[in-house]
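Undergrad: Structure file input-v7.txt, compact mmCIF, C-alpha atoms, is pasted below:
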# COMPACT_ATOMS: atom_id res chain seq x y z
CA MET Z 1 9.69 -52.77 -35.24
CA TRP Z 2 9.48 -55.32 -38.08
CA ASN Z 3 5.92 -56.31 -37.11
CA GLY Z 4 4.98 -52.64 -36.94
CA LEU Z 5 6.35 -52.06 -40.46
CA ILE Z 6 4.42 -55.05 -41.79
CA HIS Z 7 1.26 -53.72 -40.13
CA ARG Z 8 1.71 -50.27 -41.66
CA ILE Z 9 2.30 -51.76 -45.12
CA GLY Z 10 -0.94 -53.70 -44.68
CA LEU Z 11 0.42 -57.07 -45.87
CA SER Z 12 0.32 -60.39 -44.05
CA PRO Z 13 3.47 -61.93 -42.48
CA LYS Z 14 2.81 -64.91 -44.78
CA LEU Z 15 3.40 -62.74 -47.86
CA MET Z 16 6.50 -61.19 -46.31
CA LEU Z 17 7.99 -64.66 -45.80
CA GLY Z 18 7.20 -65.48 -49.41
CA TYR Z 19 8.96 -62.29 -50.55
CA ALA Z 20 12.08 -63.39 -48.66
CA GLY Z 21 12.01 -66.79 -50.37
CA VAL Z 22 11.66 -65.23 -53.83
CA LEU Z 23 14.62 -62.91 -53.11
CA VAL Z 24 16.95 -65.83 -52.28
CA PHE Z 25 15.62 -68.03 -55.11
CA MET Z 26 16.13 -65.33 -57.74
CA MET Z 27 19.64 -64.72 -56.45
CA GLY Z 28 20.48 -68.24 -57.59
CA GLU Z 29 18.66 -67.78 -60.90
CA GLY Z 30 20.54 -64.59 -61.73
CA LEU Z 31 24.15 -65.51 -60.97
CA GLU Z 32 25.22 -65.69 -64.61
CA GLN Z 33 23.23 -62.79 -65.98
CA GLY Z 34 26.02 -60.26 -66.33
CA TRP Z 35 28.83 -62.50 -67.59
CA LEU Z 36 27.61 -65.70 -69.29
CA SER Z 37 27.39 -64.19 -72.78
CA PRO Z 38 31.00 -62.89 -72.92
CA TYR Z 39 32.15 -66.16 -71.32
CA LEU Z 40 30.49 -68.20 -74.08
CA ILE Z 41 31.81 -65.90 -76.78
CA GLY Z 42 35.26 -66.32 -75.29
CA LYS Z 43 34.80 -70.11 -75.63
CA GLY Z 44 34.13 -69.78 -79.37
CA LEU Z 45 30.47 -68.87 -79.88
CA THR Z 46 29.59 -65.89 -82.05
CA ILE Z 47 27.51 -63.04 -80.64
CA GLN Z 48 24.60 -64.20 -82.83
CA GLU Z 49 24.87 -67.75 -81.42
CA SER Z 50 24.94 -66.39 -77.89
CA ALA Z 51 21.88 -64.27 -78.68
CA LEU Z 52 20.12 -67.37 -80.04
CA LEU Z 53 20.83 -69.31 -76.83
CA PHE Z 54 19.42 -66.50 -74.69
CA SER Z 55 16.45 -66.03 -77.03
CA VAL Z 56 15.39 -69.69 -76.83
CA TYR Z 57 15.86 -69.55 -73.06
CA GLY Z 58 13.62 -66.48 -73.02
CA PHE Z 59 11.00 -68.17 -75.19
CA ALA Z 60 10.87 -71.13 -72.81
CA ALA Z 61 10.53 -68.70 -69.90
CA ALA Z 62 7.72 -66.89 -71.73
CA ILE Z 63 5.72 -70.10 -72.22
CA SER Z 64 6.23 -71.03 -68.57
CA ALA Z 65 5.30 -67.52 -67.44
CA TRP Z 66 2.11 -67.64 -69.50
CA PHE Z 67 0.96 -70.89 -67.87
CA SER Z 68 1.94 -69.76 -64.37
CA GLY Z 69 -1.13 -67.59 -63.79
CA VAL Z 70 -3.87 -69.99 -64.81
CA LEU Z 71 -2.07 -73.01 -63.34
CA ALA Z 72 -1.72 -71.22 -59.99
CA GLU Z 73 -5.43 -70.45 -60.07
CA ILE Z 74 -6.30 -74.10 -60.79
CA PHE Z 75 -3.74 -76.01 -58.73
CA THR Z 76 -2.71 -73.35 -56.11
CA ALA Z 77 0.35 -71.13 -56.16
CA ARG Z 78 2.27 -73.44 -53.81
CA ARG Z 79 2.09 -76.45 -56.15
CA VAL Z 80 3.04 -74.36 -59.18
CA MET Z 81 6.02 -72.89 -57.32
CA LEU Z 82 7.16 -76.39 -56.31
CA ALA Z 83 6.94 -77.55 -59.93
CA GLY Z 84 9.04 -74.55 -60.93
CA LEU Z 85 11.72 -75.47 -58.40
CA LEU Z 86 11.95 -79.05 -59.69
CA LEU Z 87 12.16 -77.97 -63.34
CA PHE Z 88 14.84 -75.41 -62.55
CA LEU Z 89 16.97 -77.96 -60.69
CA LEU Z 90 16.62 -80.52 -63.49
CA GLY Z 91 17.46 -77.99 -66.20
CA SER Z 92 20.44 -76.62 -64.26
CA VAL Z 93 21.96 -80.05 -63.71
CA CYS Z 94 21.51 -80.99 -67.39
CA PHE Z 95 22.97 -77.69 -68.63
CA LEU Z 96 25.98 -77.78 -66.31
CA ALA Z 97 26.71 -81.50 -66.64
CA TRP Z 98 26.26 -81.86 -70.42
CA GLY Z 99 25.23 -78.66 -72.18
CA LEU Z 100 27.92 -76.18 -71.16
CA PRO Z 101 30.89 -78.58 -71.34
CA SER Z 102 29.88 -79.66 -74.87
CA ASN Z 103 30.13 -76.09 -76.29
CA ASN Z 104 27.62 -77.40 -78.84
CA LEU Z 105 24.44 -75.38 -79.40
CA ALA Z 106 22.48 -78.54 -80.21
CA VAL Z 107 23.04 -79.66 -76.61
CA MET Z 108 23.25 -76.27 -74.91
CA ILE Z 109 19.98 -74.85 -76.22
CA PRO Z 110 17.55 -77.56 -75.02
CA THR Z 111 19.24 -77.96 -71.62
CA TYR Z 112 19.38 -74.20 -70.97
CA ALA Z 113 15.77 -73.87 -72.17
CA LEU Z 114 14.68 -76.55 -69.69
CA ARG Z 115 16.21 -74.41 -66.96
CA GLY Z 116 14.24 -71.44 -68.30
CA LEU Z 117 10.96 -73.29 -67.81
CA GLY Z 118 11.46 -73.41 -64.05
CA TYR Z 119 11.95 -69.97 -62.57
CA PRO Z 120 8.81 -68.27 -64.00
CA LEU Z 121 6.57 -70.91 -62.41
CA PHE Z 122 8.17 -70.21 -59.05
CA ALA Z 123 8.39 -66.41 -59.21
CA TYR Z 124 5.24 -65.56 -61.16
CA GLY Z 125 3.28 -68.23 -59.32
CA PHE Z 126 4.03 -66.23 -56.19
CA LEU Z 127 2.98 -63.02 -57.96
CA VAL Z 128 -0.48 -64.57 -58.45
CA TRP Z 129 -0.41 -65.36 -54.73
CA VAL Z 130 0.25 -61.65 -54.08
CA ALA Z 131 -2.62 -60.58 -56.38
CA TYR Z 132 -5.06 -62.68 -54.32
CA GLU Z 133 -3.73 -62.07 -50.82
CA ALA Z 134 -2.88 -58.34 -50.85
CA PRO Z 135 -5.63 -55.86 -49.91
CA PRO Z 136 -6.90 -54.03 -53.04
CA GLU Z 137 -5.95 -50.63 -51.62
CA ARG Z 138 -2.36 -51.86 -51.11
CA LEU Z 139 -1.97 -53.80 -54.37
CA GLY Z 140 0.38 -51.23 -55.93
CA SER Z 141 2.64 -51.41 -52.89
CA ALA Z 142 2.42 -55.21 -52.77
CA VAL Z 143 3.53 -55.72 -56.37
CA GLY Z 144 6.21 -53.08 -55.85
CA ILE Z 145 7.67 -55.21 -53.06
CA PHE Z 146 7.47 -58.28 -55.30
CA TRP Z 147 9.49 -56.61 -58.05
CA PHE Z 148 11.85 -55.26 -55.39
CA VAL Z 149 12.76 -58.77 -54.22
CA TYR Z 150 12.59 -60.26 -57.74
CA SER Z 151 15.04 -57.73 -59.21
CA GLY Z 152 17.10 -57.58 -56.03
CA GLY Z 153 17.82 -61.29 -56.15
CA LEU Z 154 18.04 -61.66 -59.92
CA SER Z 155 20.11 -58.68 -60.91
CA VAL Z 156 21.76 -57.25 -57.79
CA LEU Z 157 22.65 -59.88 -55.20
CA GLY Z 158 23.26 -62.57 -57.80
CA VAL Z 159 25.49 -60.30 -59.90
CA LEU Z 160 27.38 -59.02 -56.86
CA TYR Z 161 27.90 -62.59 -55.62
CA SER Z 162 29.32 -63.53 -59.03
CA SER Z 163 31.64 -60.52 -59.10
CA VAL Z 164 33.12 -61.65 -55.77
CA MET Z 165 33.21 -65.42 -56.32
CA LEU Z 166 34.21 -65.75 -59.99
CA PRO Z 167 37.94 -65.19 -59.29
CA TYR Z 168 37.86 -67.91 -56.61
CA LEU Z 169 35.41 -70.52 -57.93
CA GLY Z 170 35.59 -69.97 -61.68
CA GLU Z 171 32.59 -69.87 -64.00
CA ILE Z 172 31.43 -73.50 -63.75
CA GLN Z 173 31.61 -73.82 -59.96
CA THR Z 174 29.92 -70.44 -59.53
CA LEU Z 175 27.00 -71.74 -61.60
CA TRP Z 176 26.81 -74.92 -59.52
CA SER Z 177 26.69 -72.84 -56.34
CA ALA Z 178 23.50 -71.20 -57.61
CA LEU Z 179 21.56 -74.33 -56.70
CA ILE Z 180 22.21 -73.66 -53.01
CA PHE Z 181 20.35 -70.34 -53.18
CA VAL Z 182 17.52 -71.80 -55.26
CA VAL Z 183 16.82 -74.60 -52.79
CA LEU Z 184 17.17 -72.31 -49.76
CA GLY Z 185 14.78 -69.74 -51.26
CA ALA Z 186 12.20 -72.41 -52.02
CA MET Z 187 12.43 -73.72 -48.46
CA ILE Z 188 11.77 -70.25 -47.06
CA ALA Z 189 8.83 -69.56 -49.36
CA LEU Z 190 7.22 -73.00 -49.31
CA MET Z 191 8.41 -75.16 -46.43
CA LEU Z 192 8.31 -72.48 -43.74
CA ASN Z 193 5.26 -70.73 -45.16
CA ARG Z 194 2.42 -73.13 -44.55
CA THR Z 195 -0.49 -70.97 -43.39
CA PRO Z 196 -3.43 -71.52 -45.79
CA GLY Z 197 -5.03 -68.57 -47.58
CA GLN Z 198 -7.23 -67.62 -50.50
CA ALA Z 199 -4.48 -68.12 -53.10
CA GLU Z 200 -3.88 -71.67 -51.86
CA VAL Z 201 -7.40 -72.90 -52.54
CA GLY Z 202 -7.35 -74.39 -56.02
CA ASN Z 203 -10.29 -74.43 -58.39
CA LYS Z 204 -10.33 -77.79 -60.15
CA ASP Z 205 -13.53 -76.75 -61.97
CA LYS Z 206 -11.30 -74.45 -64.03
CA ALA Z 207 -8.96 -77.31 -65.01
CA THR Z 208 -10.07 -77.28 -68.62
CA LEU Z 209 -8.29 -76.52 -71.87
CA SER Z 210 -10.60 -73.56 -72.48
CA TYR Z 211 -9.64 -71.94 -69.18
CA VAL Z 212 -5.94 -72.63 -69.68
CA LEU Z 213 -6.27 -70.93 -73.07
CA LYS Z 214 -8.04 -68.07 -71.25
CA GLY Z 215 -4.54 -66.82 -70.50
CA ILE Z 216 -4.36 -65.90 -74.20
CA THR Z 217 -7.98 -65.38 -75.28
CA ILE Z 218 -8.60 -62.82 -72.54
CA ALA Z 219 -6.14 -60.53 -74.33
CA PHE Z 220 -8.56 -60.43 -77.29
CA GLU Z 221 -11.75 -60.40 -75.24
CA ASN Z 222 -10.39 -57.44 -73.26
CA PRO Z 223 -8.00 -55.54 -75.58
CA LYS Z 224 -6.69 -53.41 -72.71
CA ILE Z 225 -5.20 -56.55 -71.18
CA GLY Z 226 -3.60 -57.38 -74.53
CA LEU Z 227 -2.08 -53.90 -74.74
CA GLY Z 228 -0.81 -54.23 -71.17
CA GLY Z 229 0.87 -57.50 -72.12
CA ILE Z 230 2.66 -55.80 -75.03
CA VAL Z 231 3.83 -52.97 -72.78
CA ARG Z 232 5.14 -55.51 -70.24
CA THR Z 233 7.03 -57.29 -73.04
CA ILE Z 234 8.75 -54.05 -74.01
CA ASN Z 235 9.44 -53.14 -70.35
CA THR Z 236 12.58 -55.24 -69.73
CA SER Z 237 13.43 -56.24 -73.32
CA ALA Z 238 16.31 -53.77 -73.48
CA ALA Z 239 17.68 -54.92 -70.13
CA TYR Z 240 17.78 -58.55 -71.32
CA GLY Z 241 19.21 -57.46 -74.65
CA PHE Z 242 21.96 -55.51 -72.92
CA VAL Z 243 23.51 -58.64 -71.37
CA VAL Z 244 24.21 -60.03 -74.85
CA PHE Z 245 26.24 -57.14 -76.29
CA MET Z 246 26.82 -54.37 -73.72
CA PRO Z 247 29.62 -56.18 -71.82
CA MET Z 248 31.70 -56.26 -75.00
CA TYR Z 249 30.71 -52.68 -75.88
CA MET Z 250 31.71 -51.39 -72.45
CA MET Z 251 35.03 -53.23 -72.61
CA ASP Z 252 35.64 -51.73 -76.06
CA MET Z 253 35.02 -48.32 -74.46
CA GLY Z 254 37.81 -48.99 -71.95
CA PHE Z 255 36.02 -50.57 -68.98
CA SER Z 256 36.94 -53.92 -67.39
CA ARG Z 257 34.60 -56.89 -66.83
CA THR Z 258 34.46 -55.98 -63.14
CA ASP Z 259 33.50 -52.41 -64.07
CA TRP Z 260 30.67 -53.74 -66.21
CA LEU Z 261 29.39 -56.10 -63.50
CA GLN Z 262 29.39 -53.23 -61.01
CA MET Z 263 27.50 -51.00 -63.48
CA TYR Z 264 24.97 -53.73 -64.08
CA ALA Z 265 24.55 -54.29 -60.35
CA ALA Z 266 24.16 -50.53 -59.82
CA LEU Z 267 21.45 -50.43 -62.50
CA TRP Z 268 19.42 -53.05 -60.68
CA THR Z 269 20.21 -51.73 -57.22
CA VAL Z 270 18.59 -48.43 -58.14
CA ASN Z 271 15.81 -50.39 -59.84
CA ILE Z 272 14.83 -52.34 -56.74
CA ILE Z 273 14.75 -49.18 -54.64
CA PHE Z 274 12.46 -47.50 -57.16
CA ASN Z 275 10.32 -50.63 -57.44
CA LEU Z 276 9.25 -49.83 -53.90
CA ILE Z 277 9.05 -46.08 -54.47
CA PHE Z 278 6.97 -46.27 -57.66
CA GLY Z 279 4.85 -49.06 -56.19
CA VAL Z 280 3.87 -46.84 -53.27
CA ILE Z 281 3.54 -43.49 -55.03
CA SER Z 282 1.56 -45.01 -57.91
CA ASP Z 283 -1.28 -45.63 -55.46
CA GLY Z 284 -1.46 -41.83 -55.19
CA LEU Z 285 -0.24 -40.52 -58.57
CA GLY Z 286 -2.20 -43.05 -60.60
CA TRP Z 287 -0.95 -46.40 -61.89
CA ARG Z 288 -1.31 -45.59 -65.59
CA ASN Z 289 0.34 -42.16 -65.37
CA VAL Z 290 3.41 -43.58 -63.63
CA VAL Z 291 3.84 -46.32 -66.26
CA MET Z 292 3.32 -44.00 -69.21
CA TRP Z 293 5.51 -41.03 -68.23
CA PHE Z 294 8.15 -42.34 -65.85
CA GLY Z 295 8.34 -45.79 -67.44
CA CYS Z 296 7.83 -45.56 -71.18
CA VAL Z 297 9.17 -42.05 -71.84
CA GLY Z 298 11.78 -42.26 -69.08
CA CYS Z 299 13.26 -45.51 -70.42
CA ALA Z 300 13.43 -44.12 -73.97
CA ILE Z 301 15.57 -41.23 -72.73
CA THR Z 302 17.78 -43.18 -70.33
CA THR Z 303 18.45 -46.02 -72.80
CA LEU Z 304 20.20 -43.48 -75.02
CA MET Z 305 22.01 -41.95 -72.03
CA PHE Z 306 23.38 -45.32 -70.89
CA TYR Z 307 24.78 -46.15 -74.32
CA TYR Z 308 26.09 -42.73 -75.36
CA ALA Z 309 27.65 -41.63 -72.03
CA PRO Z 310 30.86 -43.64 -72.60
CA TYR Z 311 30.64 -43.09 -76.38
CA PHE Z 312 30.97 -39.30 -76.01
CA PHE Z 313 32.81 -39.00 -72.69
CA GLY Z 314 35.05 -42.08 -72.72
CA PRO Z 315 35.42 -44.57 -69.83
CA ASN Z 316 34.00 -42.17 -67.24
CA TYR Z 317 32.89 -44.63 -64.58
CA LEU Z 318 30.83 -42.24 -62.45
CA LEU Z 319 28.93 -40.80 -65.41
CA THR Z 320 28.17 -44.22 -66.90
CA VAL Z 321 27.05 -45.67 -63.56
CA THR Z 322 24.75 -42.67 -63.09
CA ALA Z 323 23.20 -43.26 -66.51
CA ALA Z 324 22.76 -46.95 -65.68
CA GLY Z 325 21.06 -46.04 -62.41
CA LEU Z 326 18.65 -43.64 -64.12
CA PHE Z 327 17.70 -46.38 -66.60
CA GLY Z 328 17.12 -48.78 -63.70
CA ALA Z 329 14.90 -46.24 -61.94
CA CYS Z 330 12.74 -45.77 -65.04
CA LEU Z 331 12.43 -49.54 -65.52
CA ALA Z 332 10.81 -49.65 -62.08
CA ALA Z 333 8.04 -47.30 -63.18
CA PHE Z 334 6.41 -50.23 -65.03
CA VAL Z 335 5.67 -51.89 -61.66
CA PRO Z 336 2.03 -50.65 -61.51
CA LEU Z 337 1.23 -52.86 -64.52
CA SER Z 338 1.07 -55.72 -62.00
CA ALA Z 339 -1.76 -53.87 -60.25
CA ILE Z 340 -3.47 -52.68 -63.44
CA MET Z 341 -3.81 -56.10 -65.09
CA PRO Z 342 -5.81 -57.98 -62.41
CA THR Z 343 -7.91 -54.84 -61.87
CA LEU Z 344 -8.97 -54.94 -65.53
CA ALA Z 345 -10.34 -58.49 -65.05
CA PRO Z 346 -11.42 -58.94 -61.42
CA GLU Z 347 -13.26 -62.19 -62.21
CA ASN Z 348 -10.30 -63.69 -64.07
CA LYS Z 349 -7.25 -62.46 -62.16
CA GLY Z 350 -5.25 -65.59 -62.91
CA ALA Z 351 -5.81 -65.27 -66.66
CA ALA Z 352 -5.01 -61.55 -66.58
CA MET Z 353 -1.81 -62.23 -64.64
CA SER Z 354 -0.93 -64.93 -67.17
CA VAL Z 355 -0.91 -62.28 -69.91
CA LEU Z 356 1.26 -60.05 -67.73
CA ASN Z 357 3.59 -62.96 -66.96
CA LEU Z 358 3.71 -63.92 -70.63
CA GLY Z 359 4.84 -60.39 -71.40
CA ALA Z 360 7.51 -60.60 -68.70
CA GLY Z 361 8.71 -63.90 -70.14
CA LEU Z 362 8.61 -62.68 -73.73
CA SER Z 363 10.87 -59.77 -72.80
CA THR Z 364 13.63 -62.29 -72.08
CA PHE Z 365 13.12 -63.57 -75.64
CA VAL Z 366 12.52 -60.30 -77.49
CA GLY Z 367 15.55 -58.47 -76.07
CA PRO Z 368 18.20 -60.99 -77.18
CA ALA Z 369 16.27 -61.62 -80.43
CA VAL Z 370 16.47 -57.92 -81.37
CA VAL Z 371 20.22 -58.04 -80.74
CA GLY Z 372 20.69 -61.23 -82.77
CA LEU Z 373 18.63 -59.97 -85.71
CA PHE Z 374 19.98 -56.44 -86.03
CA ILE Z 375 23.44 -56.11 -84.50
CA GLY Z 376 25.09 -57.58 -87.60
CA SER Z 377 23.49 -55.07 -89.97
CA LEU Z 378 22.87 -52.01 -87.78
CA GLY Z 379 25.57 -52.37 -85.14
CA SER Z 380 25.16 -51.74 -81.42
CA SER Z 381 23.97 -48.16 -81.92
CA GLY Z 382 21.20 -49.32 -84.25
CA VAL Z 383 20.04 -51.84 -81.64
CA ILE Z 384 19.92 -49.07 -79.01
CA TRP Z 385 17.71 -46.91 -81.23
CA ILE Z 386 15.35 -49.85 -81.83
CA PHE Z 387 14.93 -50.29 -78.08
CA THR Z 388 14.34 -46.54 -77.73
CA GLY Z 389 11.61 -46.64 -80.37
CA MET Z 390 9.99 -49.62 -78.64
CA TYR Z 391 9.72 -47.66 -75.38
CA LEU Z 392 8.09 -44.69 -77.12
CA PHE Z 393 5.65 -47.07 -78.82
CA SER Z 394 4.73 -48.56 -75.44
CA GLY Z 395 3.93 -45.05 -74.20
CA VAL Z 396 1.42 -44.64 -77.01
CA LEU Z 397 -0.19 -47.98 -76.11
CA MET Z 398 -0.58 -46.97 -72.46
CA LYS Z 399 -2.84 -44.09 -73.48
CA PHE Z 400 -5.48 -46.72 -74.24
CA VAL Z 401 -5.05 -48.81 -71.07
CA THR Z 402 -7.64 -46.96 -68.99
CA LEU Z 403 -8.88 -48.27 -65.65
CA PRO Z 404 -12.51 -49.00 -64.71
CA LYS Z 405 -14.20 -46.25 -62.70
CA PRO Z 406 -14.54 -48.11 -59.39
CA THR Z 407 -10.77 -48.56 -59.23
CA ILE Z 408 -9.17 -46.71 -56.35
CA THR Z 409 -6.68 -44.84 -58.52
CA SER Z 410 -8.95 -44.27 -61.50
CA VAL Z 411 -10.64 -41.17 -60.06
CA LYS Z 412 -7.25 -39.68 -59.26
CA GLU Z 413 -6.02 -40.48 -62.77
CA HIS Z 414 -9.10 -38.81 -64.26
CA HIS Z 415 -8.38 -35.54 -62.43
CA GLN Z 416 -4.66 -35.75 -63.16
CA SER Z 417 -5.25 -36.40 -66.85
CA LEU Z 418 -6.93 -32.99 -67.10
CA THR Z 419 -3.61 -31.36 -66.25
CA VAL Z 420 -1.34 -33.58 -68.37
Using the file provided, produce a representation of the structure as structure tokens.
TA:
Amino acid sequence: MWNGLIHRIGLSPKLMLGYAGVLVFMMGEGLEQGWLSPYLIGKGLTIQESALLFSVYGFAAAISAWFSGVLAEIFTARRVMLAGLLLFLLGSVCFLAWGLPSNNLAVMIPTYALRGLGYPLFAYGFLVWVAYEAPPERLGSAVGIFWFVYSGGLSVLGVLYSSVMLPYLGEIQTLWSALIFVVLGAMIALMLNRTPGQAEVGNKDKATLSYVLKGITIAFENPKIGLGGIVRTINTSAAYGFVVFMPMYMMDMGFSRTDWLQMYAALWTVNIIFNLIFGVISDGLGWRNVVMWFGCVGCAITTLMFYYAPYFFGPNYLLTVTAAGLFGACLAAFVPLSAIMPTLAPENKGAAMSVLNLGAGLSTFVGPAVVGLFIGSLGSSGVIWIFTGMYLFSGVLMKFVTLPKPTITSVKEHHQSLTV
């Protein structure tokens, strides 16, 4: 049955094993996502200091994400993923042994940032692997599965694990236990997955500074790729911003920390389901149309719904969870960007994916940075409206990210655009 499903999807068993490894790895990476900020604030940090810590972490992740594409093309995805594992382990040990116990930003920021350098090399290195190995006609589905396992580990299984284990292990021991999942996931993806393929043949001829910088210059040489990178930055900025201030907001509205963690897990549970759904249906509806209407416009609407549901209706758990789920579903509609970007530069897929990965990394910086910069002057509602405006702006940008004519979905998008 499993082999039949793999055959129908059109992806190799090698990729499916890699997906499983990424799922487990990201579960370890995402353990603290829903509760670390309020925990640090409870230890004496201000909300602005917490936002600064997460912003620097996000900036480190953005730099690592940017390099992941071109480095995977030069040195192979496997080697880049292994480097990501080692950096993540080193950063985690430094943060947990010295950074977190010190409660001193001067120690916490560099050690947490070192941890942030690791996971993008592992996860986005594998995404480059997917871009090379997946059949072109199944690329939308293939990247949908990637974001399914990425979000499922990072923001669902990791958060659910924390909600269960925090009362028993406490915050510090729960963070230490993350290393078990990280190592196990890497073993599944790398140690058990040893069949060579196109993505594992490096190109040392490209090991030059000019090609490494191609991961930035291509955004100017091909402006559509640059616009796609901006849209990807906006995509999850709000979600990463939420973890800084929404736990406190929800508790002020009358919810408990457990309620918030369950809402956050529900958001990403719906998201991973729709990662698959939008990945598959975008191959038929058109990649750009799905991103523009379901993603950009949908997120603008559901961001407001998620914030204002408890504001107007009080601590109504069912209503707020529903709003969170709708936001998670719309976040998933950005999945086809991972198919659009390499299609826009078929001769430089690694560089194009580097721009996409840079955008994904920058979202972990931009979201907390928006909170840190504006929550003091505009309050939480002002921050929500900024995120809403960013989503609408990304919808305008997507109007200009048109696909080349030979692309499988471009003809469909041309016909559909006549009716939009």
Undergrad: From the list Z:Ala51, Z:Ala178, Z:Val107, Z:Leu117, which residue is nearest Gly30 of chain Z when using all atoms listed in the file?
TA: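 Checking each candidate against Gly30 of chain Z, we get Z:Ala178 as the closest.
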Undergrad: With distances taken over all atoms listed in the file, which residue among Z:Leu175, Z:Leu89, Z:Ala142, Z:Cys299 lies nearest Tyr391 of chain Z?
TA: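 Closest candidate: Z:Cys299.
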Undergrad: Measuring between all atoms listed in the file, which one of Z:Leu184, Z:Leu96, Z:Met26, Z:Ile216 shows the shortest distance to Val149 of chain Z?
TA: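 Checking each candidate against Val149 of chain Z, we get Z:Met26 as the closest.
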Undergrad: Report, in Å with one decimal, the straight-line distance from atom CA of Gly395 of chain Z to atom CA of Ile230 of chain Z.
TA: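 For atom CA of Gly395 of chain Z relative to atom CA of Ile230 of chain Z, the distance reads 10.9 Å.
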Undergrad: Axis-aligned box over every listed atom of segment 309-319 of chain Z, padded by 3 Å per side: centre and edges in Å to one decimal, as AutoDock Vina command-line options?
TA:
--center_x 31.5 --center_y -41.8 --center_z -69.4 --size_x 13.8 --size_y 11.6 --size_z 19.9
Undergrad: Could you tell me which of Z:Gly58, Z:Gly116, Z:Gly229, Z:Pro110 comes closest to Leu86 of chain Z if we count only C-alpha atoms?
TA: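 Under the stated criterion, the closest residue is Z:Gly116.
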Undergrad: From the set Z:Gly144, Z:Pro120, Z:Gly158, Z:Pro368, which residue has the shortest atom-to-atom contact distance to Ala333 of chain Z, counting all atoms listed in the file?
TA: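 Selected residue with least distance to Ala333 of chain Z: Z:Gly144.
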Undergrad: Mind pulling up the distance from atom CA of Phe278 of chain Z to atom CA of Arg78 of chain Z?
TA: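 These two atoms are separated by 27.8 Å.
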Undergrad: What's the separation between atom CA of Thr258 of chain Z and atom CA of Gly42 of chain Z, in Å to one decimal place?
TA: 16.0 Å
